[in-house]
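Let me begin by presenting the structure, written as C-alpha cells, before commenting on it.
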Amino acid sequence: GRRGVHCWIADESARKLNNNGRGAIADYLSLVIGGDQQSKKVTLNGVPHPSIKRSVNIITRYFEELQINSQDFLGTPKKCQKVLSMLPAKTIQEDLKDWVSSHHDSKTKWNQLKAAWSTYANKRKLKNYENNAIYEIVLQLCYPRLDVNVTKGLNHLLKSPFSVHPKTGRVCVPFLAQNVDSFDPFTVPTLKEVITEVDNWSGDPTVLDYAKTSLKSSIDMFKKFSRSCQTQRDNSDENKENKMTW
C-alpha cells in the first residue's frame with residue numbers, strides 16, 4: 001500500500017476464518033483507536049495484558065533508536081505538545097509548560113517527562129493498574145495500527161501479492177519479515193517498468209516472462225512460501241488420516 005504493510009498469515013485455520021472471525025481477532029489486537037482529531041488514542045484499563053507487556057518490552061529495545069535518534073520526536077514545541085496530549089487529562093500538563101519550549105534534546109526531554117510522571121504517580125499513590133501513562137505513549141507511537149476493515153474483508157483482494165496499486169502503479173511484492181529494515185518500497189517496480197523489462201529482454205527466448213523482470217526474486221520467494229503452505233496442509237491431512245478414532 002501507500003502507507004502500510006500487509007502481513008499475510010499462513011496458518012491454515014486463520015486463512016479459513018470468515019469475516020466475523022477475522023474481525024474479532026483484529027478488534028482484540030487493536031490498541032491504537034481514534035481518528036486524526038483524537039489526541040489520545042491508547043487507553044489501558046487495569047493491569048495490561050501479558051501480550052501488551054511483551055509488546056512494550058519489544059518496543060523499548062528500539063524506542064531510543066527510532067523515536068529519539070531517527071525521528072527526534074520531542075524536537076519542537078509542537079511535537080512536545082502532541083506527546084503531552086497523549087497523557088491522561090489534567091495530570092502533569094500544567095507542570096510541563098516550560099518543558100515544552102525548552103531547548104533540550106529529545107532524549108533529555110523524554111527522561112524529564114518520565115521523571116515528572118513518576119513524581120506525579122508517587123504523590124497520588126497510583127496503583128499499578130492506574131499507572132499506565134508512559135506505556136500508553138510508547139504504544140501510541142510505536143504499536144502497529146491495524147486496519148480492521150482490510151483485515152476482516154475477504155473482498156480486499158487488491159492487497160494480494162503481485163496486484164498493482166491503482167495510484168502508484170507499483171507491484172505488490174512479498175519480502176521476508178527479517179529484511180524489513182532493508183526493504184525500500186520505492187525500489188519496487190511499476191507495471192510499466194515490468195512491461196519494459198520483458199520487451200527489452202535479449203537473452204534466452206524460452207525463459208518465462210516473469211524471469212525476465214526484476215520481479216523474479218519476489219516470485220521465486222512466493223513460490224517457496226506457497227509450497228511450504230501446501231506441505232503443511234498435506235502433513236495435516238496425512239495426520240488426520242492416520243489418527244485412530246473410536
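Labels used: A, B, ... for chains in the order of the C-alpha cells, numbers from 1 for residues in each chain, and numbers from 1 for ligands as shown.
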
Discussion item. I need the helix (DSSP H, G or I) residues of range 42-232 of chain A per DSSP on the backbone, written as number ranges by chain.
Written reply: A: 50-70, 77-84, 94-101, 106-124, 128-130, 133-142, 148-152, 157-159, 177-182, 185-187, 191-199, 209-212, 216-232

Worksheet item: Interatomic distance between CA of Gln112 in chain A and CA of Arg145 in chain A?
Response: 27.2 Å

Quick one: residues within 12 Å of range 140-143 of chain A, only C-alpha atoms, excluding same-chain residues fewer than 4 positions away - as a PDB file with N, CA, C and O atoms, in the first residue's frame?
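Result saved to part_27.pdb:
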ATOM      1  N   LEU A  29      -6.798  -7.343  18.949  1.00  0.00           N
ATOM      2  CA  LEU A  29      -5.407  -6.907  18.892  1.00  0.00           C
ATOM      3  C   LEU A  29      -5.259  -5.391  18.746  1.00  0.00           C
ATOM      4  O   LEU A  29      -4.153  -4.864  18.861  1.00  0.00           O
ATOM      5  N   SER A  30      -6.363  -4.689  18.495  1.00  0.00           N
ATOM      6  CA  SER A  30      -6.282  -3.244  18.261  1.00  0.00           C
ATOM      7  C   SER A  30      -6.105  -2.486  19.572  1.00  0.00           C
ATOM      8  O   SER A  30      -6.872  -2.669  20.514  1.00  0.00           O
ATOM      9  N   LEU A  31      -5.094  -1.621  19.601  1.00  0.00           N
ATOM     10  CA  LEU A  31      -4.852  -0.768  20.769  1.00  0.00           C
ATOM     11  C   LEU A  31      -4.948   0.708  20.403  1.00  0.00           C
ATOM     12  O   LEU A  31      -5.416   1.515  21.186  1.00  0.00           O
ATOM     13  N   VAL A  32      -4.460   1.048  19.217  1.00  0.00           N
ATOM     14  CA  VAL A  32      -4.455   2.441  18.768  1.00  0.00           C
ATOM     15  C   VAL A  32      -5.772   2.710  18.052  1.00  0.00           C
ATOM     16  O   VAL A  32      -6.001   2.250  16.941  1.00  0.00           O
ATOM     17  N   ILE A  33      -6.639   3.467  18.726  1.00  0.00           N
ATOM     18  CA  ILE A  33      -8.001   3.667  18.227  1.00  0.00           C
ATOM     19  C   ILE A  33      -8.331   5.158  18.211  1.00  0.00           C
ATOM     20  O   ILE A  33      -8.106   5.867  19.190  1.00  0.00           O
ATOM     21  N   GLY A  34      -8.884   5.626  17.090  1.00  0.00           N
ATOM     22  CA  GLY A  34      -9.292   7.030  17.004  1.00  0.00           C
ATOM     23  C   GLY A  34      -8.767   7.691  15.740  1.00  0.00           C
ATOM     24  O   GLY A  34      -7.749   7.278  15.179  1.00  0.00           O
ATOM     25  N   GLN A  38      -8.510  12.997  17.309  1.00  0.00           N
ATOM     26  CA  GLN A  38      -8.390  12.477  18.677  1.00  0.00           C
ATOM     27  C   GLN A  38      -6.920  12.413  19.062  1.00  0.00           C
ATOM     28  O   GLN A  38      -6.130  11.718  18.418  1.00  0.00           O
ATOM     29  N   SER A  39      -6.538  13.133  20.112  1.00  0.00           N
ATOM     30  CA  SER A  39      -5.125  13.199  20.511  1.00  0.00           C
ATOM     31  C   SER A  39      -4.662  11.931  21.201  1.00  0.00           C
ATOM     32  O   SER A  39      -3.605  11.381  20.890  1.00  0.00           O
ATOM     33  N   LYS A  40      -5.444  11.476  22.159  1.00  0.00           N
ATOM     34  CA  LYS A  40      -5.067  10.286  22.926  1.00  0.00           C
ATOM     35  C   LYS A  40      -5.775   9.067  22.324  1.00  0.00           C
ATOM     36  O   LYS A  40      -6.992   8.964  22.364  1.00  0.00           O
ATOM     37  N   LYS A  41      -4.978   8.149  21.776  1.00  0.00           N
ATOM     38  CA  LYS A  41      -5.556   7.019  21.048  1.00  0.00           C
ATOM     39  C   LYS A  41      -5.347   5.674  21.740  1.00  0.00           C
ATOM     40  O   LYS A  41      -5.798   4.650  21.241  1.00  0.00           O
ATOM     41  N   VAL A  42      -4.630   5.668  22.864  1.00  0.00           N
ATOM     42  CA  VAL A  42      -4.416   4.419  23.603  1.00  0.00           C
ATOM     43  C   VAL A  42      -4.799   4.641  25.061  1.00  0.00           C
ATOM     44  O   VAL A  42      -4.273   5.542  25.718  1.00  0.00           O
ATOM     45  N   THR A  43      -5.703   3.818  25.557  1.00  0.00           N
ATOM     46  CA  THR A  43      -6.096   3.864  26.970  1.00  0.00           C
ATOM     47  C   THR A  43      -6.121   2.444  27.503  1.00  0.00           C
ATOM     48  O   THR A  43      -6.874   1.601  27.013  1.00  0.00           O
ATOM     49  N   LEU A  44      -5.265   2.180  28.482  1.00  0.00           N
ATOM     50  CA  LEU A  44      -5.189   0.856  29.086  1.00  0.00           C
ATOM     51  C   LEU A  44      -5.978   0.868  30.381  1.00  0.00           C
ATOM     52  O   LEU A  44      -5.669   1.632  31.294  1.00  0.00           O
ATOM     53  N   SER A  51       0.333  -9.864  26.745  1.00  0.00           N
ATOM     54  CA  SER A  51       0.742  -9.614  25.359  1.00  0.00           C
ATOM     55  C   SER A  51       1.116  -8.148  25.162  1.00  0.00           C
ATOM     56  O   SER A  51       2.021  -7.820  24.382  1.00  0.00           O
ATOM     57  N   ILE A  52       0.433  -7.241  25.871  1.00  0.00           N
ATOM     58  CA  ILE A  52       0.759  -5.814  25.777  1.00  0.00           C
ATOM     59  C   ILE A  52       2.098  -5.542  26.443  1.00  0.00           C
ATOM     60  O   ILE A  52       2.922  -4.779  25.926  1.00  0.00           O
ATOM     61  N   LYS A  53       2.339  -6.196  27.578  1.00  0.00           N
ATOM     62  CA  LYS A  53       3.632  -6.030  28.248  1.00  0.00           C
ATOM     63  C   LYS A  53       4.766  -6.515  27.360  1.00  0.00           C
ATOM     64  O   LYS A  53       5.834  -5.897  27.292  1.00  0.00           O
ATOM     65  N   ARG A  54       4.543  -7.633  26.665  1.00  0.00           N
ATOM     66  CA  ARG A  54       5.566  -8.134  25.747  1.00  0.00           C
ATOM     67  C   ARG A  54       5.800  -7.134  24.621  1.00  0.00           C
ATOM     68  O   ARG A  54       6.940  -6.902  24.200  1.00  0.00           O
ATOM     69  N   SER A  55       4.724  -6.526  24.130  1.00  0.00           N
ATOM     70  CA  SER A  55       4.858  -5.526  23.071  1.00  0.00           C
ATOM     71  C   SER A  55       5.690  -4.336  23.543  1.00  0.00           C
ATOM     72  O   SER A  55       6.554  -3.841  22.814  1.00  0.00           O
ATOM     73  N   VAL A  56       5.410  -3.878  24.754  1.00  0.00           N
ATOM     74  CA  VAL A  56       6.162  -2.749  25.304  1.00  0.00           C
ATOM     75  C   VAL A  56       7.636  -3.113  25.443  1.00  0.00           C
ATOM     76  O   VAL A  56       8.529  -2.303  25.139  1.00  0.00           O
ATOM     77  N   ASN A  57       7.912  -4.339  25.881  1.00  0.00           N
ATOM     78  CA  ASN A  57       9.317  -4.772  26.023  1.00  0.00           C
ATOM     79  C   ASN A  57      10.035  -4.773  24.683  1.00  0.00           C
ATOM     80  O   ASN A  57      11.205  -4.397  24.586  1.00  0.00           O
ATOM     81  N   ILE A  58       9.334  -5.208  23.639  1.00  0.00           N
ATOM     82  CA  ILE A  58       9.927  -5.214  22.291  1.00  0.00           C
ATOM     83  C   ILE A  58      10.155  -3.779  21.817  1.00  0.00           C
ATOM     84  O   ILE A  58      11.232  -3.434  21.316  1.00  0.00           O
ATOM     85  N   ILE A  59       9.132  -2.932  21.993  1.00  0.00           N
ATOM     86  CA  ILE A  59       9.245  -1.541  21.552  1.00  0.00           C
ATOM     87  C   ILE A  59      10.379  -0.830  22.271  1.00  0.00           C
ATOM     88  O   ILE A  59      11.127  -0.054  21.657  1.00  0.00           O
ATOM     89  N   THR A  60      10.539  -1.100  23.562  1.00  0.00           N
ATOM     90  CA  THR A  60      11.558  -0.424  24.363  1.00  0.00           C
ATOM     91  C   THR A  60      12.956  -0.638  23.797  1.00  0.00           C
ATOM     92  O   THR A  60      13.812   0.257  23.855  1.00  0.00           O
ATOM     93  N   ARG A  61      13.192  -1.821  23.222  1.00  0.00           N
ATOM     94  CA  ARG A  61      14.517  -2.123  22.674  1.00  0.00           C
ATOM     95  C   ARG A  61      14.856  -1.220  21.490  1.00  0.00           C
ATOM     96  O   ARG A  61      16.020  -0.967  21.207  1.00  0.00           O
ATOM     97  N   TYR A  62      13.831  -0.743  20.784  1.00  0.00           N
ATOM     98  CA  TYR A  62      14.064   0.052  19.583  1.00  0.00           C
ATOM     99  C   TYR A  62      13.655   1.516  19.747  1.00  0.00           C
ATOM    100  O   TYR A  62      13.883   2.324  18.844  1.00  0.00           O
ATOM    101  N   PHE A  63      13.042   1.841  20.878  1.00  0.00           N
ATOM    102  CA  PHE A  63      12.436   3.159  21.052  1.00  0.00           C
ATOM    103  C   PHE A  63      13.459   4.283  20.914  1.00  0.00           C
ATOM    104  O   PHE A  63      13.231   5.262  20.193  1.00  0.00           O
ATOM    105  N   GLU A  64      14.590   4.159  21.584  1.00  0.00           N
ATOM    106  CA  GLU A  64      15.588   5.240  21.553  1.00  0.00           C
ATOM    107  C   GLU A  64      16.123   5.447  20.139  1.00  0.00           C
ATOM    108  O   GLU A  64      16.240   6.581  19.665  1.00  0.00           O
ATOM    109  N   LEU A  66      14.730   4.617  17.178  1.00  0.00           N
ATOM    110  CA  LEU A  66      13.732   5.062  16.206  1.00  0.00           C
ATOM    111  C   LEU A  66      13.113   6.407  16.565  1.00  0.00           C
ATOM    112  O   LEU A  66      13.101   7.332  15.761  1.00  0.00           O
ATOM    113  N   GLN A  67      12.573   6.513  17.772  1.00  0.00           N
ATOM    114  CA  GLN A  67      11.830   7.716  18.134  1.00  0.00           C
ATOM    115  C   GLN A  67      12.743   8.880  18.515  1.00  0.00           C
ATOM    116  O   GLN A  67      12.480  10.026  18.154  1.00  0.00           O
ATOM    117  N   ILE A  68      13.814   8.577  19.251  1.00  0.00           N
ATOM    118  CA  ILE A  68      14.675   9.653  19.745  1.00  0.00           C
ATOM    119  C   ILE A  68      15.736  10.041  18.718  1.00  0.00           C
ATOM    120  O   ILE A  68      15.851  11.205  18.322  1.00  0.00           O
ATOM    121  N   GLN A  71      13.796   9.968  14.626  1.00  0.00           N
ATOM    122  CA  GLN A  71      12.646  10.838  14.388  1.00  0.00           C
ATOM    123  C   GLN A  71      12.625  12.091  15.260  1.00  0.00           C
ATOM    124  O   GLN A  71      11.822  12.987  15.020  1.00  0.00           O
ATOM    125  N   PHE A  73      11.440  12.830  18.207  1.00  0.00           N
ATOM    126  CA  PHE A  73      10.006  13.019  18.406  1.00  0.00           C
ATOM    127  C   PHE A  73       9.641  14.118  19.404  1.00  0.00           C
ATOM    128  O   PHE A  73       8.474  14.480  19.533  1.00  0.00           O
ATOM    129  N   LEU A  74      10.636  14.666  20.115  1.00  0.00           N
ATOM    130  CA  LEU A  74      10.376  15.805  21.013  1.00  0.00           C
ATOM    131  C   LEU A  74      11.220  17.009  20.600  1.00  0.00           C
ATOM    132  O   LEU A  74      11.571  17.847  21.426  1.00  0.00           O
ATOM    133  N   LYS A  79       5.793  19.167  18.634  1.00  0.00           N
ATOM    134  CA  LYS A  79       5.910  17.726  18.887  1.00  0.00           C
ATOM    135  C   LYS A  79       5.735  17.424  20.369  1.00  0.00           C
ATOM    136  O   LYS A  79       5.089  16.439  20.739  1.00  0.00           O
ATOM    137  N   LYS A  82       2.151  17.593  21.336  1.00  0.00           N
ATOM    138  CA  LYS A  82       1.427  16.417  20.850  1.00  0.00           C
ATOM    139  C   LYS A  82       1.608  15.242  21.810  1.00  0.00           C
ATOM    140  O   LYS A  82       0.642  14.525  22.119  1.00  0.00           O
ATOM    141  N   VAL A  83       2.834  15.040  22.308  1.00  0.00           N
ATOM    142  CA  VAL A  83       3.086  13.939  23.244  1.00  0.00           C
ATOM    143  C   VAL A  83       2.377  14.199  24.570  1.00  0.00           C
ATOM    144  O   VAL A  83       1.814  13.275  25.176  1.00  0.00           O
ATOM    145  N   SER A  85      -0.388  15.612  24.984  1.00  0.00           N
ATOM    146  CA  SER A  85      -1.813  15.347  24.800  1.00  0.00           C
ATOM    147  C   SER A  85      -2.133  13.855  24.878  1.00  0.00           C
ATOM    148  O   SER A  85      -3.303  13.475  24.968  1.00  0.00           O
ATOM    149  N   MET A  86      -1.107  13.015  24.842  1.00  0.00           N
ATOM    150  CA  MET A  86      -1.309  11.569  24.965  1.00  0.00           C
ATOM    151  C   MET A  86      -1.419  11.131  26.424  1.00  0.00           C
ATOM    152  O   MET A  86      -1.760   9.979  26.703  1.00  0.00           O
ATOM    153  N   LEU A  87      -1.106  12.035  27.346  1.00  0.00           N
ATOM    154  CA  LEU A  87      -1.225  11.725  28.777  1.00  0.00           C
ATOM    155  C   LEU A  87      -2.685  11.855  29.225  1.00  0.00           C
ATOM    156  O   LEU A  87      -3.473  12.542  28.576  1.00  0.00           O
ATOM    157  N   ALA A 133       0.467   5.489  32.043  1.00  0.00           N
ATOM    158  CA  ALA A 133       0.603   6.629  31.130  1.00  0.00           C
ATOM    159  C   ALA A 133       1.796   6.505  30.176  1.00  0.00           C
ATOM    160  O   ALA A 133       1.664   6.772  28.975  1.00  0.00           O
ATOM    161  N   ILE A 134       2.957   6.109  30.696  1.00  0.00           N
ATOM    162  CA  ILE A 134       4.145   6.002  29.839  1.00  0.00           C
ATOM    163  C   ILE A 134       3.972   4.852  28.852  1.00  0.00           C
ATOM    164  O   ILE A 134       4.339   4.965  27.673  1.00  0.00           O
ATOM    165  N   TYR A 135       3.388   3.743  29.321  1.00  0.00           N
ATOM    166  CA  TYR A 135       3.056   2.628  28.425  1.00  0.00           C
ATOM    167  C   TYR A 135       2.194   3.126  27.263  1.00  0.00           C
ATOM    168  O   TYR A 135       2.413   2.773  26.105  1.00  0.00           O
ATOM    169  N   GLU A 136       1.193   3.944  27.604  1.00  0.00           N
ATOM    170  CA  GLU A 136       0.234   4.401  26.595  1.00  0.00           C
ATOM    171  C   GLU A 136       0.907   5.271  25.528  1.00  0.00           C
ATOM    172  O   GLU A 136       0.585   5.167  24.335  1.00  0.00           O
TER     173      GLU A 136
END

Discussion item. I'd like the contact shell of range 11-28 of chain A - 7 Å cut-off, only C-alpha atoms, skipping same-chain residues fewer than 3 positions apart - returned as an MDAnalysis selection string.
Written reply: chainID A and resid 148 151:154

Worksheet item: So how many Å separate CA of Lys114 in chain A and CA of Pro144 in chain A, to one decimal?
Response: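 Result for CA of Lys114 in chain A versus CA of Pro144 in chain A: 22.6 Å, one decimal.
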
Practice prompt. Please provide the set of residues having any atom within 12 Å of Glu197 in chain A, restricted to only C-alpha atoms, with same-chain residues fewer than 2 positions apart removed, written as a PyMOL selection string.
Written response: chain A and resi 189-195+199-203+209-216

Discussion item. Counting only C-alpha atoms, which residue out of A:Val198, A:Ile219, A:Ile137, A:Leu126 sits closest to Gly46 in chain A?
Written reply: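 Among the listed residues, the smallest separation from Gly46 in chain A belongs to A:Leu126.
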
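Checking A:Lys223, A:Asp95, A:Ile9, A:Gly35 one by one against Ala115 in chain A, counting only C-alpha atoms, you find the shortest gap at A:Asp95.
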
Worksheet entry | Distance query Leu113 in chain A at most 9 Å, only C-alpha atoms, self and fewer than 6 positions along chain excluded, as an MDAnalysis selection string | chainID A and resid 84 96 99 134

Discussion item. Residues within 12 Å of Cys7 in chain A, please, as a PyMOL selection string. Count only C-alpha atoms; anything in the same chain fewer than 4 positions from it doesn't count.
Written reply: chain A and resi 1+144+146-147+150-151+159-161+172-177+180

Using the selection just defined, write its residues with C-alpha atoms as a short mmCIF file (atom, residue, chain, number, x, y, z; two decimals), in the first residue's frame.
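What landed in part_13.cif:
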data_model
loop_
_atom_site.label_atom_id
_atom_site.label_comp_id
_atom_site.auth_asym_id
_atom_site.auth_seq_id
_atom_site.Cartn_x
_atom_site.Cartn_y
_atom_site.Cartn_z
CA GLY A 1 0.00 0.00 0.00
CA PRO A 144 1.07 -1.29 14.85
CA LEU A 146 -4.41 -2.33 12.47
CA ASP A 147 -6.87 -1.67 9.67
CA VAL A 150 -8.88 -4.62 5.50
CA THR A 151 -8.15 -7.45 7.94
CA LYS A 159 -3.85 -6.32 -1.47
CA SER A 160 -2.97 -9.73 -2.91
CA PRO A 161 0.68 -10.36 -3.83
CA CYS A 172 2.74 -5.56 -4.51
CA VAL A 173 5.72 -7.80 -3.70
CA PRO A 174 6.38 -10.09 -0.73
CA PHE A 175 9.52 -9.84 1.40
CA LEU A 176 10.82 -11.65 4.46
CA ALA A 177 10.00 -10.11 7.84
CA VAL A 180 12.06 -5.23 6.86
#
